[in-house]
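Structure file work_28.cif; described as mmCIF, C-alpha atoms; chains and numbers go by the auth columns.
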data_query
loop_
_atom_site.group_PDB
_atom_site.id
_atom_site.type_symbol
_atom_site.label_atom_id
_atom_site.label_comp_id
_atom_site.label_asym_id
_atom_site.label_seq_id
_atom_site.Cartn_x
_atom_site.Cartn_y
_atom_site.Cartn_z
_atom_site.B_iso_or_equiv
_atom_site.auth_seq_id
_atom_site.auth_asym_id
ATOM 1 C CA MET A 1 -42.112 1.551 39.431 0.00 1 R
ATOM 2 C CA SER A 2 -42.191 5.337 40.060 0.00 2 R
ATOM 3 C CA ASP A 3 -44.089 5.510 43.385 0.00 3 R
ATOM 4 C CA CYS A 4 -42.430 5.991 46.774 0.00 4 R
ATOM 5 C CA PRO A 5 -42.532 2.708 48.733 0.00 5 R
ATOM 6 C CA SER A 6 -42.937 4.706 51.978 0.00 6 R
ATOM 7 C CA CYS A 7 -45.639 7.358 51.286 0.00 7 R
ATOM 8 C CA GLY A 8 -46.966 6.020 48.001 0.00 8 R
ATOM 9 C CA ARG A 9 -46.640 9.307 46.145 0.00 9 R
ATOM 10 C CA TYR A 10 -45.322 9.625 42.601 0.00 10 R
ATOM 11 C CA THR A 11 -41.577 10.383 42.579 0.00 11 R
ATOM 12 C CA GLY A 12 -40.623 10.044 38.904 0.00 12 R
ATOM 13 C CA PRO A 13 -37.017 9.027 38.146 0.00 13 R
ATOM 14 C CA GLN A 14 -35.580 10.463 41.392 0.00 14 R
ATOM 15 C CA ASP A 15 -33.721 8.179 43.775 0.00 15 R
ATOM 16 C CA ALA A 16 -35.083 9.891 46.914 0.00 16 R
ATOM 17 C CA CYS A 17 -38.753 10.792 47.537 0.00 17 R
ATOM 18 C CA PRO A 18 -39.153 14.613 47.440 0.00 18 R
ATOM 19 C CA TYR A 19 -42.064 14.381 49.907 0.00 19 R
ATOM 20 C CA CYS A 20 -40.920 12.085 52.711 0.00 20 R
ATOM 21 C CA GLY A 21 -37.206 11.732 51.919 0.00 21 R
ATOM 22 C CA ALA A 22 -37.288 7.955 51.672 0.00 22 R
ATOM 23 C CA HIS A 23 -34.645 6.381 49.433 0.00 23 R
ATOM 24 C CA ARG A 24 -35.880 4.070 46.732 0.00 24 R
ATOM 25 C CA THR A 25 -34.230 0.674 46.323 0.00 25 R
ATOM 26 C CA GLY A 26 -33.993 -1.801 43.489 0.00 26 R
ATOM 27 C CA ARG A 27 -32.886 0.770 40.869 0.00 27 R
ATOM 28 C CA LEU A 28 -29.395 1.486 39.637 0.00 28 R
ATOM 29 C CA PRO A 29 -28.384 5.164 39.768 0.00 29 R
ATOM 30 C CA LEU A 30 -28.352 6.841 36.356 0.00 30 R
ATOM 31 C CA ARG A 31 -24.670 7.703 36.771 0.00 31 R
ATOM 32 C CA ALA A 32 -23.832 4.042 37.315 0.00 32 R
ATOM 33 C CA LEU A 33 -25.711 3.109 34.172 0.00 33 R
ATOM 34 C CA LYS A 34 -23.778 5.705 32.169 0.00 34 R
ATOM 35 C CA PHE A 35 -20.385 4.502 33.401 0.00 35 R
ATOM 36 C CA GLY A 36 -21.414 0.904 32.815 0.00 36 R
ATOM 37 C CA ALA A 37 -22.380 1.656 29.208 0.00 37 R
ATOM 38 C CA ILE A 38 -19.051 3.422 28.566 0.00 38 R
ATOM 39 C CA ALA A 39 -17.092 0.546 30.083 0.00 39 R
ATOM 40 C CA LEU A 40 -19.010 -2.020 28.037 0.00 40 R
ATOM 41 C CA ALA A 41 -18.448 -0.045 24.806 0.00 41 R
ATOM 42 C CA THR A 42 -14.706 0.260 25.552 0.00 42 R
ATOM 43 C CA VAL A 43 -14.341 -3.463 26.164 0.00 43 R
ATOM 44 C CA GLY A 44 -16.268 -4.152 22.954 0.00 44 R
ATOM 45 C CA LEU A 45 -13.924 -1.941 20.915 0.00 45 R
ATOM 46 C CA VAL A 46 -10.848 -3.617 22.404 0.00 46 R
ATOM 47 C CA VAL A 47 -12.208 -7.080 21.594 0.00 47 R
ATOM 48 C CA LEU A 48 -13.179 -5.969 18.076 0.00 48 R
ATOM 49 C CA GLY A 49 -9.694 -4.544 17.453 0.00 49 R
ATOM 50 C CA PHE A 50 -8.065 -7.742 18.709 0.00 50 R
ATOM 51 C CA VAL A 51 -10.225 -9.894 16.444 0.00 51 R
ATOM 52 C CA ALA A 52 -9.693 -7.597 13.440 0.00 52 R
ATOM 53 C CA SER A 53 -5.896 -7.685 13.879 0.00 53 R
ATOM 54 C CA GLY A 54 -5.942 -11.416 13.226 0.00 54 R
ATOM 55 C CA VAL A 55 -8.117 -11.220 10.118 0.00 55 R
ATOM 56 C CA GLU A 56 -6.329 -11.097 6.774 0.00 56 R
ATOM 57 C CA ALA A 57 -7.441 -8.430 4.328 0.00 57 R
ATOM 58 C CA PRO A 58 -9.589 -9.933 1.555 0.00 58 R
ATOM 59 C CA LEU A 59 -7.814 -10.735 -1.708 0.00 59 R
ATOM 60 C CA VAL A 60 -9.564 -8.992 -4.599 0.00 60 R
ATOM 61 C CA GLN A 61 -8.913 -8.740 -8.328 0.00 61 R
ATOM 62 C CA ALA A 62 -8.645 -5.438 -10.156 0.00 62 R
ATOM 63 C CA GLY A 63 -11.429 -6.445 -12.513 0.00 63 R
ATOM 64 C CA GLN A 64 -13.809 -6.983 -9.581 0.00 64 R
ATOM 65 C CA VAL A 65 -13.371 -3.540 -8.036 0.00 65 R
ATOM 66 C CA SER A 66 -16.455 -1.303 -8.121 0.00 66 R
ATOM 67 C CA ALA A 67 -17.249 2.212 -6.907 0.00 67 R
ATOM 68 C CA SER A 68 -18.756 0.774 -3.705 0.00 68 R
ATOM 69 C CA MET A 69 -15.270 -0.473 -2.732 0.00 69 R
ATOM 70 C CA ASN A 70 -13.767 3.021 -2.535 0.00 70 R
ATOM 71 C CA LEU A 71 -11.611 3.304 0.651 0.00 71 R
ATOM 72 C CA ALA A 72 -11.882 -0.451 1.278 0.00 72 R
ATOM 73 C CA TYR A 73 -8.812 -2.099 2.836 0.00 73 R
ATOM 74 C CA VAL A 74 -7.894 -5.016 0.558 0.00 74 R
ATOM 75 C CA ARG A 75 -5.059 -7.219 -0.655 0.00 75 R
ATOM 76 C CA LEU A 76 -3.833 -7.429 -4.267 0.00 76 R
ATOM 77 C CA SER A 77 -1.514 -9.945 -5.866 0.00 77 R
ATOM 78 C CA GLY A 78 0.091 -9.664 -9.281 0.00 78 R
ATOM 79 C CA ARG A 79 3.169 -8.624 -11.215 0.00 79 R
ATOM 80 C CA CYS A 80 4.935 -5.267 -11.443 0.00 80 R
ATOM 81 C CA THR A 81 4.422 -4.236 -15.061 0.00 81 R
ATOM 82 C CA ARG A 82 5.613 -0.626 -15.089 0.00 82 R
ATOM 83 C CA GLY A 83 8.880 0.419 -13.549 0.00 83 R
ATOM 84 C CA PRO A 84 8.627 2.124 -10.157 0.00 84 R
ATOM 85 C CA SER A 85 9.250 5.836 -9.759 0.00 85 R
ATOM 86 C CA TYR A 86 10.364 7.746 -6.696 0.00 86 R
ATOM 87 C CA ASP A 87 10.010 11.494 -6.208 0.00 87 R
ATOM 88 C CA ALA A 88 12.346 12.585 -3.428 0.00 88 R
ATOM 89 C CA GLN A 89 10.746 16.026 -3.118 0.00 89 R
ATOM 90 C CA SER A 90 7.181 14.834 -2.566 0.00 90 R
ATOM 91 C CA GLU A 91 8.398 11.548 -1.030 0.00 91 R
ATOM 92 C CA THR A 92 6.155 9.494 -3.290 0.00 92 R
ATOM 93 C CA LEU A 93 6.927 5.955 -4.432 0.00 93 R
ATOM 94 C CA SER A 94 4.696 4.341 -7.048 0.00 94 R
ATOM 95 C CA PHE A 95 4.533 1.412 -9.449 0.00 95 R
ATOM 96 C CA TYR A 96 1.883 -0.515 -11.395 0.00 96 R
ATOM 97 C CA LEU A 97 0.621 -3.997 -10.583 0.00 97 R
ATOM 98 C CA ASP A 98 -1.265 -6.214 -13.037 0.00 98 R
ATOM 99 C CA ASP A 99 -3.128 -9.299 -11.801 0.00 99 R
ATOM 100 C CA GLY A 100 -4.391 -10.451 -15.183 0.00 100 R
ATOM 101 C CA THR A 101 -7.790 -8.746 -14.799 0.00 101 R
ATOM 102 C CA GLY A 102 -6.586 -5.146 -14.729 0.00 102 R
ATOM 103 C CA GLU A 103 -3.854 -2.745 -13.686 0.00 103 R
ATOM 104 C CA VAL A 104 -3.649 -0.841 -10.386 0.00 104 R
ATOM 105 C CA ARG A 105 -1.280 1.958 -9.416 0.00 105 R
ATOM 106 C CA ILE A 106 0.331 1.204 -6.046 0.00 106 R
ATOM 107 C CA VAL A 107 1.398 4.318 -4.126 0.00 107 R
ATOM 108 C CA ALA A 108 3.246 4.985 -0.872 0.00 108 R
ATOM 109 C CA TYR A 109 3.624 8.467 0.609 0.00 109 R
ATOM 110 C CA ARG A 110 5.969 10.183 3.039 0.00 110 R
ATOM 111 C CA ALA A 111 6.955 7.942 5.995 0.00 111 R
ATOM 112 C CA GLU A 112 5.888 4.744 4.238 0.00 112 R
ATOM 113 C CA ALA A 113 7.713 5.717 1.036 0.00 113 R
ATOM 114 C CA ARG A 114 10.837 6.647 3.018 0.00 114 R
ATOM 115 C CA GLU A 115 10.837 3.302 4.810 0.00 115 R
ATOM 116 C CA LEU A 116 10.456 1.323 1.592 0.00 116 R
ATOM 117 C CA ALA A 117 13.145 3.399 -0.126 0.00 117 R
ATOM 118 C CA THR A 118 15.552 3.121 2.819 0.00 118 R
ATOM 119 C CA ASP A 119 15.094 -0.648 3.003 0.00 119 R
ATOM 120 C CA ALA A 120 15.416 -0.919 -0.814 0.00 120 R
ATOM 121 C CA ARG A 121 12.100 -2.786 -0.892 0.00 121 R
ATOM 122 C CA VAL A 122 11.148 -1.494 -4.307 0.00 122 R
ATOM 123 C CA PRO A 123 9.861 -3.900 -6.974 0.00 123 R
ATOM 124 C CA ALA A 124 11.323 -4.096 -10.452 0.00 124 R
ATOM 125 C CA VAL A 125 9.404 -4.854 -13.640 0.00 125 R
ATOM 126 C CA GLY A 126 8.557 -8.565 -13.623 0.00 126 R
ATOM 127 C CA ASP A 127 8.614 -9.030 -9.840 0.00 127 R
ATOM 128 C CA ALA A 128 5.675 -10.815 -8.204 0.00 128 R
ATOM 129 C CA VAL A 129 4.056 -8.504 -5.647 0.00 129 R
ATOM 130 C CA GLU A 130 1.485 -8.967 -2.897 0.00 130 R
ATOM 131 C CA VAL A 131 0.352 -5.804 -1.142 0.00 131 R
ATOM 132 C CA GLU A 132 -2.334 -4.566 1.249 0.00 132 R
ATOM 133 C CA GLY A 133 -3.723 -1.056 1.383 0.00 133 R
ATOM 134 C CA THR A 134 -6.637 1.305 0.857 0.00 134 R
ATOM 135 C CA LEU A 135 -8.357 1.436 -2.520 0.00 135 R
ATOM 136 C CA ARG A 136 -9.003 4.729 -4.286 0.00 136 R
ATOM 137 C CA VAL A 137 -11.672 4.194 -6.940 0.00 137 R
ATOM 138 C CA GLN A 138 -12.363 6.817 -9.610 0.00 138 R
ATOM 139 C CA PRO A 139 -14.269 6.452 -12.898 0.00 139 R
ATOM 140 C CA ASP A 140 -11.132 5.993 -15.013 0.00 140 R
ATOM 141 C CA TYR A 141 -8.458 5.425 -12.384 0.00 141 R
ATOM 142 C CA LEU A 142 -7.740 2.805 -9.737 0.00 142 R
ATOM 143 C CA SER A 143 -5.025 3.016 -7.104 0.00 143 R
ATOM 144 C CA LEU A 144 -4.080 1.462 -3.789 0.00 144 R
ATOM 145 C CA THR A 145 -2.318 3.377 -1.014 0.00 145 R
ATOM 146 C CA VAL A 146 0.139 1.413 1.119 0.00 146 R
ATOM 147 C CA GLN A 147 -0.550 1.956 4.840 0.00 147 R
ATOM 148 C CA LEU A 148 1.990 -0.496 6.287 0.00 148 R
ATOM 149 C CA PRO A 149 5.312 -1.068 4.469 0.00 149 R
ATOM 150 C CA SER A 150 5.488 -4.542 6.016 0.00 150 R
ATOM 151 C CA GLN A 151 2.435 -5.485 3.945 0.00 151 R
ATOM 152 C CA LEU A 152 4.357 -5.071 0.667 0.00 152 R
ATOM 153 C CA VAL A 153 5.914 -8.444 -0.199 0.00 153 R
ATOM 154 C CA ILE A 154 8.164 -8.795 -3.250 0.00 154 R
ATOM 155 C CA THR A 155 9.171 -12.121 -4.807 0.00 155 R
ATOM 156 C CA ARG A 156 11.997 -11.806 -7.311 0.00 156 R
ATOM 157 C CA SER A 157 13.047 -14.670 -9.562 0.00 157 R
ATOM 158 C CA PRO A 158 16.736 -15.071 -10.455 0.00 158 R
ATOM 159 C CA ALA A 159 17.898 -13.374 -13.657 0.00 159 R
ATOM 160 C CA ALA A 160 18.849 -15.577 -16.603 0.00 160 R
ATOM 161 C CA ASP A 161 21.971 -14.713 -18.610 0.00 161 R
ATOM 162 C CA ARG A 162 20.951 -13.951 -22.198 0.00 162 R
ATOM 163 C CA GLU A 163 22.387 -12.529 -25.389 0.00 163 R
ATOM 164 C CA ILE A 164 20.671 -9.361 -26.552 0.00 164 R
ATOM 165 C CA GLY A 165 19.814 -10.854 -29.952 0.00 165 R
ATOM 166 C CA SER A 166 17.913 -13.737 -28.326 0.00 166 R
ATOM 167 C CA LEU A 167 15.379 -11.453 -26.612 0.00 167 R
ATOM 168 C CA SER A 168 11.868 -11.129 -28.046 0.00 168 R
ATOM 169 C CA ALA A 169 8.377 -9.930 -27.105 0.00 169 R
ATOM 170 C CA SER A 170 7.674 -13.318 -25.536 0.00 170 R
ATOM 171 C CA ASP A 171 10.250 -12.487 -22.837 0.00 171 R
ATOM 172 C CA ALA A 172 8.161 -9.564 -21.518 0.00 172 R
ATOM 173 C CA TYR A 173 8.382 -9.243 -17.713 0.00 173 R
ATOM 174 C CA GLN A 174 11.015 -11.989 -17.484 0.00 174 R
ATOM 175 C CA ARG A 175 14.180 -11.205 -15.518 0.00 175 R
ATOM 176 C CA VAL A 176 17.275 -11.401 -17.690 0.00 176 R
ATOM 177 C CA ARG A 177 20.878 -10.274 -17.468 0.00 177 R
ATOM 178 C CA VAL A 178 22.665 -8.864 -20.501 0.00 178 R
ATOM 179 C CA ARG A 179 26.147 -7.478 -21.011 0.00 179 R
ATOM 180 C CA GLY A 180 27.460 -5.200 -23.679 0.00 180 R
ATOM 181 C CA GLN A 181 29.009 -1.899 -24.644 0.00 181 R
ATOM 182 C CA VAL A 182 27.270 1.460 -24.425 0.00 182 R
ATOM 183 C CA ARG A 183 26.991 2.731 -27.992 0.00 183 R
ATOM 184 C CA ALA A 184 24.804 5.817 -27.435 0.00 184 R
ATOM 185 C CA LEU A 185 23.269 7.882 -24.652 0.00 185 R
ATOM 186 C CA ARG A 186 20.303 10.263 -24.750 0.00 186 R
ATOM 187 C CA GLU A 187 18.199 11.990 -22.129 0.00 187 R
ATOM 188 C CA ALA A 188 14.503 11.201 -22.690 0.00 188 R
ATOM 189 C CA TYR A 189 13.618 13.777 -20.027 0.00 189 R
ATOM 190 C CA PRO A 190 15.328 15.061 -16.868 0.00 190 R
ATOM 191 C CA GLY A 191 16.049 12.057 -14.673 0.00 191 R
ATOM 192 C CA LEU A 192 15.651 9.372 -17.376 0.00 192 R
ATOM 193 C CA THR A 193 18.552 8.360 -19.619 0.00 193 R
ATOM 194 C CA ILE A 194 18.261 5.858 -22.484 0.00 194 R
ATOM 195 C CA ALA A 195 21.434 3.898 -23.142 0.00 195 R
ATOM 196 C CA THR A 196 21.847 1.836 -26.304 0.00 196 R
ATOM 197 C CA LEU A 197 23.571 -1.393 -25.267 0.00 197 R
ATOM 198 C CA ARG A 198 25.174 -3.639 -27.885 0.00 198 R
ATOM 199 C CA ASP A 199 26.785 -7.065 -27.845 0.00 199 R
ATOM 200 C CA ALA A 200 27.861 -9.383 -30.660 0.00 200 R
ATOM 201 C CA SER A 201 24.267 -10.517 -31.265 0.00 201 R
ATOM 202 C CA GLY A 202 22.430 -7.176 -31.365 0.00 202 R
ATOM 203 C CA GLU A 203 21.505 -4.062 -29.453 0.00 203 R
ATOM 204 C CA ILE A 204 18.765 -2.927 -27.072 0.00 204 R
ATOM 205 C CA PRO A 205 17.722 0.365 -25.406 0.00 205 R
ATOM 206 C CA VAL A 206 18.091 0.399 -21.611 0.00 206 R
ATOM 207 C CA ALA A 207 16.127 2.887 -19.473 0.00 207 R
ATOM 208 C CA LEU A 208 18.127 4.281 -16.550 0.00 208 R
ATOM 209 C CA ASP A 209 16.036 6.156 -13.962 0.00 209 R
ATOM 210 C CA ALA A 210 18.213 8.470 -11.858 0.00 210 R
ATOM 211 C CA GLY A 211 15.863 8.318 -8.854 0.00 211 R
ATOM 212 C CA LEU A 212 15.839 4.536 -8.752 0.00 212 R
ATOM 213 C CA LEU A 213 19.595 4.360 -9.246 0.00 213 R
ATOM 214 C CA ARG A 214 20.054 6.614 -6.208 0.00 214 R
ATOM 215 C CA LEU A 215 17.815 4.302 -4.169 0.00 215 R
ATOM 216 C CA SER A 216 20.028 1.349 -5.078 0.00 216 R
ATOM 217 C CA GLY A 217 23.211 3.284 -4.287 0.00 217 R
ATOM 218 C CA ARG A 218 24.404 3.315 -7.902 0.00 218 R
ATOM 219 C CA SER A 219 25.553 6.247 -9.990 0.00 219 R
ATOM 220 C CA LEU A 220 24.739 7.243 -13.548 0.00 220 R
ATOM 221 C CA ALA A 221 28.303 8.082 -14.570 0.00 221 R
ATOM 222 C CA LEU A 222 28.217 6.427 -17.986 0.00 222 R
ATOM 223 C CA SER A 223 30.012 7.288 -21.196 0.00 223 R
ATOM 224 C CA VAL A 224 29.792 5.928 -24.715 0.00 224 R
ATOM 225 C CA GLY A 225 32.150 2.931 -24.975 0.00 225 R
ATOM 226 C CA ASP A 226 31.720 1.816 -21.339 0.00 226 R
ATOM 227 C CA ALA A 227 31.000 -1.828 -20.597 0.00 227 R
ATOM 228 C CA LEU A 228 27.617 -2.286 -18.886 0.00 228 R
ATOM 229 C CA GLN A 229 25.792 -5.209 -17.297 0.00 229 R
ATOM 230 C CA VAL A 230 22.073 -4.880 -16.536 0.00 230 R
#
Could I get this structure in the form of structure tokens?
Amino acid sequence: MSDCPSCGRYTGPQDACPYCGAHRTGRLPLRALKFGAIALATVGLVVLGFVASGVEAPLVQAGQVSASMNLAYVRLSGRCTRGPSYDAQSETLSFYLDDGTGEVRIVAYRAEARELATDARVPAVGDAVEVEGTLRVQPDYLSLTVQLPSQLVITRSPAADREIGSLSASDAYQRVRVRGQVRALREAYPGLTIATLRDASGEIPVALDAGLLRLSGRSLALSVGDALQV
């Protein structure tokens, strides 16, 4: 109703009649409506955030990911299939996870990478990994960025003592422990040394990443003839 209840003239949206000065009743002031809408929206966001915090990120498989899932927050579960790398200058930690349907590069940057490195929560090849993060989907590349270090969970099986000669392709991604003597050393590229380890049953090349060794507090002071357990 837009007519003054006192003089009957049209007043429009105004609260007081411009002709007789009578105040209209039964309508909420526009300012009150605005503040009410803001308060309702704020409460709604708080409730939504509370509900979302208790909802687990959906578990997806690499083979199911499509372009429409770019920037989606998801959970992946699989096995670390390519040794992690850590670049101290760019503060980037990365490794590859395979869930049986495809391979995804898992990446942590800056503060998240520092926290994982400091806590030595870095997976090794063969470790079972469950991780949450944001997908980055490109035509020929799939990665997941870790947002919360606490959402990277590593399950590591105990290493089995083996002789070098007993190892075969069927042992891929299995954790083993071998002992032997360093017979040769070569630098594949700066930061990566390949040591040839030999025992009575055979020999095997061992990749030694300087960055990862620093994370574990170990040194790379090796010489030919040294005894080595890995």
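Distances from R:Ser150, R:Gln138, R:Thr101, R:Thr155 to Val125 in chain R were compared using all atoms listed in the file, and the smallest one belongs to R:Thr155.
Nearest-residue note for Ala57 in chain R: choosing from R:Val122, R:Phe95, R:Glu130, R:Leu40, the minimum distance belongs to R:Glu130, counting only C-alpha atoms.
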Test item: the PyMOL selection byres ((chain R and resi 79-83) around 9) resolved as a PyMOL selection string: chain R and resi 77-78+84-85+94-100+103+123-130+173
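Residues lying within 12 Å of Ala221 in chain R, counting only C-alpha atoms and ignoring same-chain neighbours fewer than 3 positions away, are Val182, Leu185, Thr193, Ala195, Leu208, Ala210, Leu213, Arg214, Arg218, Val224, Asp226, Ala227 and Leu228 of chain R.
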Expected selection from the PyMOL selection byres ((chain R and resi 113) around 10), given as a VMD selection string: chain R and resid 86 to 88 90 to 94 107 to 112 114 to 119 121 to 122 146 to 149
Within 6 Å of (-4.2, 1.0, -10.1) (file coordinates; only C-alpha atoms), which protein or nucleic acid residues are there? I'd like them as a short mmCIF file (atom, residue, chain, number, x, y, z; two decimals) with C-alpha atoms, in the coordinates of the input.
data_model
loop_
_atom_site.label_atom_id
_atom_site.label_comp_id
_atom_site.auth_asym_id
_atom_site.auth_seq_id
_atom_site.Cartn_x
_atom_site.Cartn_y
_atom_site.Cartn_z
CA GLU R 103 -3.85 -2.74 -13.69
CA VAL R 104 -3.65 -0.84 -10.39
CA ARG R 105 -1.28 1.96 -9.42
CA LEU R 142 -7.74 2.80 -9.74
CA SER R 143 -5.03 3.02 -7.10
#
Could you write out as AutoDock Vina command-line options the box around range 80-96 of chain R (axis-aligned, all atoms listed in the file, 8 Å on each side), with centre and edge lengths in Å to one decimal?
--center_x 7.1 --center_y 5.4 --center_z -8.1 --size_x 26.5 --size_y 37.3 --size_z 30.1
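Among the candidate residues R:Cys17, R:Leu135, R:Ala207, R:Ala41, the one lying nearest to Val60 in chain R is R:Leu135, with distances computed using only C-alpha atoms.
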Nearest-residue call for Arg177 in chain R, choices R:Ala120, R:Ala159, R:Ile194, R:Ile38, using only C-alpha atoms: R:Ala159
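Residues in contact with Tyr73 in chain R at 9 Å, where all atoms listed in the file are counted and same-chain residues fewer than 6 positions away are skipped, are listed as Ala57, Pro58, Glu132, Gly133, Thr134, Leu135 and Leu144 of chain R.
Nearest residue to Ala72 in chain R among R:Thr145, R:Asp140, R:Gln89, R:Cys7 is R:Thr145, counting all atoms listed in the file.
Separating CA of Ala160 in chain R from CA of Leu212 in chain R is a distance of 21.8 Å.
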The PyMOL selection byres ((chain R and resi 166) around 12) resolved against shown file, as a VMD selection string: chain R and resid 160 to 165 167 to 171 176 to 178 199 to 204
Completion step: range 154-172 of chain R with N, CA and C atoms as a PDB file, keeping the file's coordinate frame:
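In the end it all went to out_39.pdb:
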ATOM      1  N   ILE R 154       7.624  -8.678  -1.885  1.00  0.00           N
ATOM      2  CA  ILE R 154       8.164  -8.795  -3.250  1.00  0.00           C
ATOM      3  C   ILE R 154       8.848 -10.149  -3.412  1.00  0.00           C
ATOM      4  N   THR R 155       8.511 -10.860  -4.477  1.00  0.00           N
ATOM      5  CA  THR R 155       9.171 -12.121  -4.807  1.00  0.00           C
ATOM      6  C   THR R 155       9.876 -11.943  -6.137  1.00  0.00           C
ATOM      7  N   ARG R 156      11.184 -12.072  -6.112  1.00  0.00           N
ATOM      8  CA  ARG R 156      11.997 -11.806  -7.311  1.00  0.00           C
ATOM      9  C   ARG R 156      12.673 -13.092  -7.776  1.00  0.00           C
ATOM     10  N   SER R 157      12.420 -13.474  -9.007  1.00  0.00           N
ATOM     11  CA  SER R 157      13.047 -14.670  -9.562  1.00  0.00           C
ATOM     12  C   SER R 157      14.471 -14.349  -9.996  1.00  0.00           C
ATOM     13  N   PRO R 158      15.353 -15.338 -10.032  1.00  0.00           N
ATOM     14  CA  PRO R 158      16.736 -15.071 -10.455  1.00  0.00           C
ATOM     15  C   PRO R 158      16.783 -14.682 -11.932  1.00  0.00           C
ATOM     16  N   ALA R 159      17.745 -13.826 -12.269  1.00  0.00           N
ATOM     17  CA  ALA R 159      17.898 -13.374 -13.657  1.00  0.00           C
ATOM     18  C   ALA R 159      18.645 -14.423 -14.473  1.00  0.00           C
ATOM     19  N   ALA R 160      18.192 -14.619 -15.702  1.00  0.00           N
ATOM     20  CA  ALA R 160      18.849 -15.577 -16.603  1.00  0.00           C
ATOM     21  C   ALA R 160      19.797 -14.820 -17.530  1.00  0.00           C
ATOM     22  N   ASP R 161      21.005 -15.326 -17.690  1.00  0.00           N
ATOM     23  CA  ASP R 161      21.971 -14.713 -18.610  1.00  0.00           C
ATOM     24  C   ASP R 161      21.512 -14.942 -20.047  1.00  0.00           C
ATOM     25  N   ARG R 162      21.413 -13.853 -20.811  1.00  0.00           N
ATOM     26  CA  ARG R 162      20.951 -13.951 -22.198  1.00  0.00           C
ATOM     27  C   ARG R 162      21.790 -13.059 -23.100  1.00  0.00           C
ATOM     28  N   GLU R 163      21.819 -13.417 -24.393  1.00  0.00           N
ATOM     29  CA  GLU R 163      22.387 -12.529 -25.389  1.00  0.00           C
ATOM     30  C   GLU R 163      21.294 -11.581 -25.849  1.00  0.00           C
ATOM     31  N   ILE R 164      21.670 -10.362 -26.173  1.00  0.00           N
ATOM     32  CA  ILE R 164      20.671  -9.361 -26.552  1.00  0.00           C
ATOM     33  C   ILE R 164      19.854  -9.818 -27.759  1.00  0.00           C
ATOM     34  N   GLY R 165      20.503 -10.432 -28.739  1.00  0.00           N
ATOM     35  CA  GLY R 165      19.814 -10.854 -29.952  1.00  0.00           C
ATOM     36  C   GLY R 165      18.788 -11.950 -29.723  1.00  0.00           C
ATOM     37  N   SER R 166      18.849 -12.646 -28.594  1.00  0.00           N
ATOM     38  CA  SER R 166      17.913 -13.737 -28.326  1.00  0.00           C
ATOM     39  C   SER R 166      16.618 -13.250 -27.683  1.00  0.00           C
ATOM     40  N   LEU R 167      16.567 -11.975 -27.300  1.00  0.00           N
ATOM     41  CA  LEU R 167      15.379 -11.453 -26.612  1.00  0.00           C
ATOM     42  C   LEU R 167      14.280 -11.139 -27.615  1.00  0.00           C
ATOM     43  N   SER R 168      13.023 -11.405 -27.190  1.00  0.00           N
ATOM     44  CA  SER R 168      11.868 -11.129 -28.046  1.00  0.00           C
ATOM     45  C   SER R 168      10.695 -10.703 -27.184  1.00  0.00           C
ATOM     46  N   ALA R 169       9.573 -10.381 -27.826  1.00  0.00           N
ATOM     47  CA  ALA R 169       8.377  -9.930 -27.105  1.00  0.00           C
ATOM     48  C   ALA R 169       7.864 -10.990 -26.140  1.00  0.00           C
ATOM     49  N   SER R 170       8.136 -12.244 -26.418  1.00  0.00           N
ATOM     50  CA  SER R 170       7.674 -13.318 -25.536  1.00  0.00           C
ATOM     51  C   SER R 170       8.397 -13.323 -24.188  1.00  0.00           C
ATOM     52  N   ASP R 171       9.490 -12.567 -24.090  1.00  0.00           N
ATOM     53  CA  ASP R 171      10.250 -12.487 -22.837  1.00  0.00           C
ATOM     54  C   ASP R 171       9.767 -11.344 -21.941  1.00  0.00           C
ATOM     55  N   ALA R 172       8.662 -10.701 -22.304  1.00  0.00           N
ATOM     56  CA  ALA R 172       8.161  -9.564 -21.518  1.00  0.00           C
ATOM     57  C   ALA R 172       7.973  -9.954 -20.056  1.00  0.00           C
TER      58      ALA R 172
END
